[in-house]
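K.L.:
Input: one structure, supplied below.
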Amino acid sequence: QVQLVASGGGSVQAGGSLRLSCAASGDTFSIYYMAWFRQAPGKEREGVAAIYTGDGRTFYADSVKDRFTISQDNAKNTLYLQMNTLNPEDTATYYCAAARSIVLGLRALDPSQYHYWGQGTQVTVSS
């Protein structure tokens, strides 16, 4: 089992930045992908960014490319999401997740591929 604890959400004005963190514990050796997802009220959960823990390869949704950066600190078993140039459309509850699958590729942003989920952290961007 893997436990994930997300933190770092908050309220910012448009154009601002936030950094989310996700601390992993338990059987972390079994994780091959970690990712951030978000869900706004009335909308489906969508993939934001993912990282293959083996070689650091990253995947981004088009809507956040060049604004968000996903990274990992293997020594701390922590996943990060640096979010810059935030806009009101980024307002959502953000979730970190981990997958045991060794090969996801283009499915790295598909929430159905992930086995473990952290609690959400709210991000609110005002105009």
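Lettering and numbering for the structure tokens are positional, with chains as A, B, ... in the shown order, residues counted from 1 in each chain, and ligands counted from 1 in the shown order.
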DSSP on the backbone: which residues in chain A end up as strand (DSSP E)? Give the answer as a ChimeraX atom specification.
P.N.:
/A:2-7,10-13,18-26,33-39,46-52,58-60,68-73,78-83,92-99,116-117,121-126
K.L.:
Segment 41-44 of chain A: which residues within 10 Å, counting only C-alpha atoms, same-chain residues fewer than 3 positions away excluded, as a list of chain:residue names?
P.N.:
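In the requested form, the answer reads A:Arg38, A:Gly47, A:Thr91, A:Ala92, A:Thr93.
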K.L.:
What would the file look like if the residues just selected were written as a PDB file, in the first residue's frame with N, CA, C and O atoms?
P.N.:
ATOM      1  N   ARG A  38      -6.874  17.238 -11.415  1.00  0.00           N
ATOM      2  CA  ARG A  38      -7.706  18.274 -10.813  1.00  0.00           C
ATOM      3  C   ARG A  38      -9.155  18.057 -11.206  1.00  0.00           C
ATOM      4  O   ARG A  38      -9.454  17.463 -12.250  1.00  0.00           O
ATOM      5  N   GLY A  47      -6.395  14.965 -16.030  1.00  0.00           N
ATOM      6  CA  GLY A  47      -4.967  14.886 -15.773  1.00  0.00           C
ATOM      7  C   GLY A  47      -4.299  16.211 -16.058  1.00  0.00           C
ATOM      8  O   GLY A  47      -4.590  16.845 -17.065  1.00  0.00           O
ATOM      9  N   THR A  91      -8.793  26.986 -11.233  1.00  0.00           N
ATOM     10  CA  THR A  91      -9.459  26.748  -9.956  1.00  0.00           C
ATOM     11  C   THR A  91     -10.055  25.351  -9.927  1.00  0.00           C
ATOM     12  O   THR A  91     -10.834  24.975 -10.806  1.00  0.00           O
ATOM     13  N   ALA A  92      -9.670  24.577  -8.922  1.00  0.00           N
ATOM     14  CA  ALA A  92     -10.118  23.188  -8.816  1.00  0.00           C
ATOM     15  C   ALA A  92      -9.539  22.583  -7.537  1.00  0.00           C
ATOM     16  O   ALA A  92      -8.686  23.190  -6.884  1.00  0.00           O
ATOM     17  N   THR A  93     -10.012  21.392  -7.234  1.00  0.00           N
ATOM     18  CA  THR A  93      -9.365  20.588  -6.221  1.00  0.00           C
ATOM     19  C   THR A  93      -8.314  19.736  -6.911  1.00  0.00           C
ATOM     20  O   THR A  93      -8.619  19.062  -7.894  1.00  0.00           O
TER      21      THR A  93
END
K.L.:
Which is closest to Leu4 of chain A among A:Leu79, A:Ala50, A:Ala108, A:Ala61, if we use only C-alpha atoms?
P.N.:
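Closest residue, counting only C-alpha atoms: A:Leu79.
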K.L.:
Go through A:Gly120, A:Met34, A:Ser17, A:Asp27 and flag the residue nearest Tyr80 of chain A, using only C-alpha atoms for the distances.
P.N.:
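Closest to Tyr80 of chain A of all the choices is A:Met34.
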K.L.:
My list of candidates is A:Arg57, A:Gly118, A:Ile102, A:Asp62. Which is closest to Trp36 of chain A when distances are computed with only C-alpha atoms?
P.N.:
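Using only C-alpha atoms, Trp36 of chain A sits closest to A:Gly118.
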K.L.:
Just the residues within 10 Å of Arg45 of chain A, please, counting only C-alpha atoms, with nothing from its chain fewer than 5 positions along; format it as a PyMOL selection string.
P.N.:
chain A and resi 37-40+92-95+110-111
K.L.:
In Å to one decimal, how far is atom CA of Ile70 of chain A from atom CA of Gln82 of chain A?
P.N.:
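It comes out at 6.4 Å.
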K.L.:
Nearest to Ser21 of chain A among A:Arg100, A:Arg107, A:Lys76, A:His115, with distances taken over only C-alpha atoms: which residue is it?
P.N.:
A:Lys76
K.L.:
Rounded to one decimal in Å, what is the spacing between atom CA of Gly26 of chain A and atom CA of Tyr116 of chain A?
P.N.:
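Value for the atom CA of Gly26 of chain A-atom CA of Tyr116 of chain A distance: 11.2 Å.
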